[in-house]
Structure formats: structure tokens, C-alpha cells
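model_11.cif (mmCIF, N, CA and C atoms and all ligand atoms)
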data_final
loop_
_atom_site.label_atom_id
_atom_site.label_comp_id
_atom_site.auth_asym_id
_atom_site.auth_seq_id
_atom_site.Cartn_x
_atom_site.Cartn_y
_atom_site.Cartn_z
N MET A 18 21.71 54.11 72.54
CA MET A 18 21.97 53.96 73.98
C MET A 18 21.72 55.27 74.73
N LYS A 19 21.89 56.37 74.04
CA LYS A 19 21.81 57.65 74.74
C LYS A 19 20.44 57.92 75.39
N PRO A 20 19.34 57.71 74.63
CA PRO A 20 18.02 57.97 75.26
C PRO A 20 17.81 57.15 76.53
N PHE A 21 18.28 55.93 76.52
CA PHE A 21 18.11 55.09 77.71
C PHE A 21 18.82 55.71 78.91
N LYS A 22 19.98 56.21 78.64
CA LYS A 22 20.75 56.80 79.72
C LYS A 22 20.01 58.02 80.29
N THR A 23 19.46 58.82 79.40
CA THR A 23 18.74 60.01 79.82
C THR A 23 17.54 59.63 80.68
N ILE A 24 16.81 58.63 80.22
CA ILE A 24 15.61 58.22 80.95
C ILE A 24 15.97 57.71 82.35
N SER A 25 16.98 56.88 82.42
CA SER A 25 17.32 56.34 83.73
C SER A 25 17.81 57.44 84.67
N ASN A 26 18.46 58.44 84.11
CA ASN A 26 18.88 59.57 84.94
C ASN A 26 17.69 60.35 85.47
N LEU A 27 16.69 60.49 84.62
CA LEU A 27 15.49 61.21 85.04
C LEU A 27 14.84 60.50 86.22
N PHE A 28 14.72 59.19 86.10
CA PHE A 28 14.11 58.44 87.19
C PHE A 28 14.92 58.59 88.47
N LYS A 29 16.20 58.54 88.31
CA LYS A 29 17.08 58.65 89.46
C LYS A 29 16.87 59.99 90.17
N ASN A 30 16.78 61.05 89.37
CA ASN A 30 16.67 62.37 89.96
C ASN A 30 15.31 62.62 90.61
N SER A 31 14.26 62.11 89.99
CA SER A 31 12.94 62.39 90.53
C SER A 31 12.63 61.47 91.71
N ARG A 32 13.42 60.42 91.90
CA ARG A 32 13.22 59.50 93.01
C ARG A 32 11.75 59.12 93.14
N ASP A 33 11.24 58.51 92.09
CA ASP A 33 9.82 58.16 92.03
C ASP A 33 9.37 57.27 93.17
N SER A 34 10.27 56.49 93.72
CA SER A 34 9.86 55.56 94.77
C SER A 34 9.42 56.32 96.02
N ASP A 35 9.85 57.55 96.16
CA ASP A 35 9.48 58.33 97.34
C ASP A 35 8.15 59.03 97.19
N ILE A 36 7.62 59.06 95.97
CA ILE A 36 6.40 59.82 95.73
C ILE A 36 5.18 59.02 96.19
N LEU A 37 4.34 59.67 96.96
CA LEU A 37 3.08 59.05 97.38
C LEU A 37 2.00 59.55 96.43
N SER A 38 1.17 58.66 95.96
CA SER A 38 0.10 59.12 95.08
C SER A 38 -1.25 58.62 95.58
N TYR A 39 -2.22 59.48 95.46
CA TYR A 39 -3.58 59.16 95.87
C TYR A 39 -4.52 59.49 94.74
N GLU A 40 -5.59 58.73 94.66
CA GLU A 40 -6.67 59.14 93.77
C GLU A 40 -7.89 59.38 94.64
N ILE A 41 -8.50 60.52 94.44
CA ILE A 41 -9.67 60.86 95.24
C ILE A 41 -10.83 61.17 94.31
N LYS A 42 -12.02 61.12 94.89
CA LYS A 42 -13.22 61.32 94.10
C LYS A 42 -14.08 62.38 94.76
N CYS A 43 -14.48 63.34 93.99
CA CYS A 43 -15.30 64.44 94.48
C CYS A 43 -16.68 63.92 94.87
N ALA A 44 -17.14 64.26 96.08
CA ALA A 44 -18.44 63.79 96.55
C ALA A 44 -19.58 64.47 95.81
N LYS A 45 -19.31 65.62 95.23
CA LYS A 45 -20.37 66.39 94.61
C LYS A 45 -20.61 65.98 93.15
N CYS A 46 -19.53 65.90 92.37
CA CYS A 46 -19.71 65.64 90.94
C CYS A 46 -19.10 64.31 90.49
N GLY A 47 -18.36 63.63 91.38
CA GLY A 47 -17.81 62.32 91.03
C GLY A 47 -16.52 62.36 90.26
N GLU A 48 -15.98 63.54 90.04
CA GLU A 48 -14.72 63.64 89.31
C GLU A 48 -13.59 62.99 90.11
N LYS A 49 -12.74 62.25 89.40
CA LYS A 49 -11.59 61.64 90.05
C LYS A 49 -10.36 62.52 89.83
N ILE A 50 -9.63 62.72 90.89
CA ILE A 50 -8.45 63.58 90.84
C ILE A 50 -7.26 62.82 91.37
N LYS A 51 -6.16 62.89 90.64
CA LYS A 51 -4.94 62.24 91.10
C LYS A 51 -4.05 63.26 91.80
N ILE A 52 -3.51 62.83 92.92
CA ILE A 52 -2.67 63.73 93.71
C ILE A 52 -1.33 63.06 93.93
N ARG A 53 -0.28 63.81 93.71
CA ARG A 53 1.06 63.28 93.96
C ARG A 53 1.70 64.07 95.08
N ILE A 54 2.23 63.35 96.03
CA ILE A 54 2.81 63.97 97.21
C ILE A 54 4.30 63.65 97.26
N ASN A 55 5.09 64.67 97.39
CA ASN A 55 6.51 64.46 97.65
C ASN A 55 6.75 64.61 99.15
N PRO A 56 7.04 63.50 99.82
CA PRO A 56 7.17 63.55 101.28
C PRO A 56 8.17 64.60 101.75
N LYS A 57 9.21 64.81 100.97
CA LYS A 57 10.28 65.74 101.38
C LYS A 57 9.78 67.18 101.43
N THR A 58 8.82 67.52 100.60
CA THR A 58 8.41 68.93 100.54
C THR A 58 6.96 69.15 100.98
N ASP A 59 6.13 68.11 100.91
CA ASP A 59 4.70 68.31 101.17
C ASP A 59 4.28 67.95 102.59
N LEU A 60 5.12 67.21 103.31
CA LEU A 60 4.72 66.79 104.65
C LEU A 60 5.33 67.71 105.71
N SER A 61 4.60 67.87 106.80
CA SER A 61 5.10 68.67 107.92
C SER A 61 5.31 67.77 109.13
N ARG A 62 6.17 68.19 110.00
CA ARG A 62 6.34 67.45 111.26
C ARG A 62 5.08 67.59 112.10
N VAL A 63 4.77 66.55 112.83
CA VAL A 63 3.57 66.56 113.67
C VAL A 63 3.90 67.15 115.03
N PHE A 64 3.10 68.11 115.45
CA PHE A 64 3.28 68.67 116.79
C PHE A 64 2.00 68.55 117.61
N GLU A 65 0.87 68.37 116.93
CA GLU A 65 -0.41 68.35 117.65
C GLU A 65 -0.50 67.13 118.56
N GLU A 66 -1.15 67.33 119.68
CA GLU A 66 -1.34 66.20 120.59
C GLU A 66 -2.48 65.31 120.13
N SER A 67 -3.30 65.83 119.23
CA SER A 67 -4.44 65.04 118.74
C SER A 67 -4.02 64.05 117.66
N ALA A 68 -2.77 64.11 117.22
CA ALA A 68 -2.30 63.22 116.16
C ALA A 68 -2.23 61.78 116.67
N PRO A 69 -2.37 60.82 115.74
CA PRO A 69 -2.29 59.41 116.16
C PRO A 69 -0.93 59.10 116.78
N GLU A 70 -0.89 58.12 117.65
CA GLU A 70 0.35 57.70 118.28
C GLU A 70 1.34 57.26 117.20
N SER A 71 2.59 57.57 117.38
CA SER A 71 3.70 57.23 116.47
C SER A 71 3.66 58.00 115.16
N ALA A 72 2.75 58.93 115.01
CA ALA A 72 2.74 59.77 113.81
C ALA A 72 3.88 60.78 113.88
N SER A 73 4.64 60.87 112.80
CA SER A 73 5.75 61.82 112.76
C SER A 73 5.52 62.93 111.75
N TYR A 74 4.77 62.60 110.71
CA TYR A 74 4.52 63.59 109.66
C TYR A 74 3.03 63.68 109.37
N VAL A 75 2.63 64.86 108.92
CA VAL A 75 1.24 65.04 108.54
C VAL A 75 1.16 65.73 107.18
N LEU A 76 0.19 65.31 106.42
CA LEU A 76 -0.12 65.97 105.15
C LEU A 76 -1.47 66.65 105.28
N LYS A 77 -1.50 67.94 105.02
CA LYS A 77 -2.77 68.65 104.97
C LYS A 77 -2.86 69.30 103.61
N LYS A 78 -3.85 68.92 102.85
CA LYS A 78 -3.92 69.40 101.48
C LYS A 78 -5.35 69.67 101.07
N GLU A 79 -5.53 70.72 100.30
CA GLU A 79 -6.83 71.00 99.71
C GLU A 79 -6.78 70.61 98.25
N ALA A 80 -7.80 69.92 97.79
CA ALA A 80 -7.83 69.51 96.39
C ALA A 80 -9.12 70.01 95.75
N LEU A 81 -8.98 70.48 94.53
CA LEU A 81 -10.12 71.02 93.81
C LEU A 81 -10.12 70.45 92.40
N GLY A 82 -11.24 69.92 91.98
CA GLY A 82 -11.35 69.38 90.62
C GLY A 82 -11.63 70.47 89.60
N ASN A 83 -11.82 70.02 88.36
CA ASN A 83 -12.11 70.99 87.29
C ASN A 83 -13.60 71.22 87.11
N ASN A 84 -14.41 70.30 87.63
CA ASN A 84 -15.84 70.32 87.29
C ASN A 84 -16.69 71.15 88.24
N CYS A 85 -16.24 71.34 89.47
CA CYS A 85 -17.06 72.08 90.42
C CYS A 85 -16.19 72.76 91.46
N GLN A 86 -16.83 73.44 92.37
CA GLN A 86 -16.11 74.25 93.36
C GLN A 86 -15.98 73.55 94.69
N ASN A 87 -16.23 72.25 94.71
CA ASN A 87 -16.16 71.49 95.95
C ASN A 87 -14.70 71.26 96.36
N ILE A 88 -14.30 71.85 97.45
CA ILE A 88 -12.92 71.68 97.92
C ILE A 88 -12.86 70.51 98.89
N MET A 89 -11.94 69.59 98.61
CA MET A 89 -11.75 68.42 99.47
C MET A 89 -10.53 68.65 100.36
N ASN A 90 -10.71 68.43 101.64
CA ASN A 90 -9.61 68.59 102.58
C ASN A 90 -9.05 67.23 102.97
N ILE A 91 -7.79 67.04 102.69
CA ILE A 91 -7.15 65.75 102.97
C ILE A 91 -6.21 65.90 104.16
N THR A 92 -6.31 64.97 105.08
CA THR A 92 -5.38 64.92 106.21
C THR A 92 -4.87 63.49 106.35
N CYS A 93 -3.57 63.29 106.20
CA CYS A 93 -2.98 61.96 106.36
C CYS A 93 -1.82 62.05 107.34
N TYR A 94 -1.69 61.00 108.13
CA TYR A 94 -0.56 60.93 109.06
C TYR A 94 0.38 59.81 108.65
N TYR A 95 1.67 60.04 108.86
CA TYR A 95 2.70 59.07 108.48
C TYR A 95 3.68 58.85 109.62
N ASP A 96 4.32 57.68 109.60
CA ASP A 96 5.38 57.45 110.58
C ASP A 96 6.71 57.98 110.02
N LEU A 97 7.78 57.72 110.74
CA LEU A 97 9.09 58.29 110.37
C LEU A 97 9.55 57.88 108.99
N SER A 98 9.16 56.69 108.53
CA SER A 98 9.60 56.23 107.21
C SER A 98 8.51 56.45 106.16
N TYR A 99 7.63 57.41 106.41
CA TYR A 99 6.56 57.80 105.48
C TYR A 99 5.53 56.69 105.26
N GLY A 100 5.45 55.77 106.20
CA GLY A 100 4.38 54.78 106.14
C GLY A 100 3.09 55.42 106.63
N GLU A 101 2.02 55.20 105.89
CA GLU A 101 0.77 55.86 106.23
C GLU A 101 0.14 55.25 107.47
N ILE A 102 -0.28 56.11 108.39
CA ILE A 102 -0.91 55.64 109.62
C ILE A 102 -2.42 55.84 109.54
N SER A 103 -2.85 56.98 109.03
CA SER A 103 -4.27 57.22 108.91
C SER A 103 -4.54 58.21 107.78
N ARG A 104 -5.74 58.17 107.26
CA ARG A 104 -6.11 59.11 106.20
C ARG A 104 -7.54 59.55 106.40
N GLU A 105 -7.77 60.81 106.09
CA GLU A 105 -9.11 61.37 106.21
C GLU A 105 -9.35 62.31 105.06
N ILE A 106 -10.59 62.37 104.61
CA ILE A 106 -10.91 63.33 103.56
C ILE A 106 -12.32 63.85 103.80
N SER A 107 -12.52 65.14 103.55
CA SER A 107 -13.85 65.70 103.67
C SER A 107 -14.37 66.02 102.27
N SER A 108 -15.66 65.90 102.08
CA SER A 108 -16.33 66.22 100.81
C SER A 108 -15.86 65.37 99.64
N GLY A 109 -15.32 64.19 99.96
CA GLY A 109 -14.88 63.30 98.89
C GLY A 109 -14.49 61.97 99.48
N LYS A 110 -13.90 61.11 98.65
CA LYS A 110 -13.42 59.84 99.19
C LYS A 110 -12.18 59.38 98.45
N PHE A 111 -11.41 58.52 99.11
CA PHE A 111 -10.24 57.94 98.47
C PHE A 111 -10.70 56.82 97.54
N VAL A 112 -10.08 56.75 96.37
CA VAL A 112 -10.43 55.71 95.40
C VAL A 112 -9.36 54.62 95.46
N ASP A 113 -9.78 53.39 95.62
CA ASP A 113 -8.83 52.29 95.58
C ASP A 113 -8.35 52.09 94.15
N LYS A 114 -7.15 51.54 94.02
CA LYS A 114 -6.51 51.46 92.72
C LYS A 114 -7.35 50.71 91.69
N ASP A 115 -8.04 49.66 92.11
CA ASP A 115 -8.81 48.89 91.13
C ASP A 115 -10.29 49.26 91.13
N ASP A 116 -10.60 50.42 91.66
CA ASP A 116 -11.98 50.86 91.68
C ASP A 116 -12.38 51.42 90.32
ZN ZN B 201 -16.62 68.09 92.01
#
In C-alpha cells, how does this file's structure come out?
Amino acid sequence: MKPFKTISNLFKNSRDSDILSYEIKCAKCGEKIKIRINPKTDLSRVFEESAPESASYVLKKEALGNNCQNIMNITCYYDLSYGEISREISSGKFVDKDD
């Protein structure tokens, strides 16, 4: 019984349900990269006037694969409950889960 207890505690502490995950693909070499976002620490409040309406949080992240030097710039906007409003990426693309 003990290992089960430990595992459930781990899940509880990491609050996996709050983690946003994306898979992106490098436009240059095709490498797929998984990104995990913790809304509590990785998102910033939105102050720009250019942000989409009702956007409360923004994610700005640079991602780099292992195969090449192509840096992908990710910008995503979220509402107050971390629901995604828009997503953008340069030098790469978002991969759908069943792609
Ligand atoms: Zn690459």
C-alpha cells in the first residue's frame, strides 16, 4: 500500500491538471519538442494593448531543439482560468496530438 500512497501524493503536489503541454515541430529540421508550462510560474499578466480581447495571461517562450540552432518563439494568450485564446509560433509549428 505504501508505494500507492507515495504516488498519489506526488500527483497531488505537482498538480498535473494545471500543467499545459504543447508539442512543437522545428521548421528547419523537423524535430519535435515537448514543452510543459506551469501557468503559475511561466505566464505573465497581460498589459499590452495589442493583446486579444479578454486575454489575462501571456506566455512568451523560446524553444530550441537538440538538432539545430533554430530558435522558435512561442506566444500564447490565455483567459483568467488559463483557457487558451490564441497561439503563435515562429520558425516552427504546433503539432496536434494525433499528428
Ligand atoms: Zn531544428
Original post:
Got a sec to check which residues lie within 6 Å of ligand ZN 201 (chain B), using all atoms listed in the file, and send them as JSON, numbers by chain?
Top reply: {"A": [43, 44, 45, 46, 47, 48, 82, 84, 85, 86, 87]}
**OP:** Please determine the residues with any atom at most 9 Å from (-8.5, 66.2, 100.3) (coordinates as given in the file, with only C-alpha atoms counting) and report them as a VMD selection string.
**Re:** chain A and resid 41 77 to 81 88 to 92 105 to 111
Original post:
Neighbours of A:Lys57 within 8 Å (all atoms listed in the file; same-chain residues fewer than 3 positions away dropped), as a ChimeraX atom specification?
Top reply: /A:35-36,54,60-61
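Comparing A:Ser71, A:Asp96, A:Leu76, A:Glu101 by their smallest distance to A:Asp59, the closest is A:Leu76 (using all atoms listed in the file).
You will find atom CA of A:Ile50 at 19.6 Å from atom CA of A:Ser103.
Of note, atom N of A:Asp113 and atom N of A:Pro69 are spaced 22.7 Å apart.
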Subject >> Residue contacts of A:Tyr99 (9 Å, only C-alpha atoms) excluding same-chain residues fewer than 3 positions away, as a list in words >> reply: Asp35, Leu37, Pro56, Ser73, Tyr74, Tyr94, Tyr95, Asp96 and Ile102 of chain A
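Across the structure, atom N of A:Ala68 and atom CA of A:Lys51 are spaced 26.3 Å apart.
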Original post:
Which of these, A:Arg62, A:Ser67, A:Tyr39, A:Arg53, has the shortest distance to A:Arg104 once you count only C-alpha atoms?
Top reply: A:Tyr39
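Residues of stretch 78-112 of chain A that DSSP places in strand (DSSP E), based on the backbone of this structure, are Lys78, Glu79, Ala80, Leu81, Ile88, Met89, Asn90, Ile91, Thr92, Cys93, Tyr94, Tyr95, Glu101, Ile102, Ser103, Arg104, Glu105, Ile106, Ser107, Gly109, Lys110 and Phe111 of chain A.
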Subject >> Shortest interatomic distance to A:Ala72 - which of A:Lys42, A:Lys49, A:Val112, A:Leu97, counting all atoms listed in the file >> reply: A:Leu97
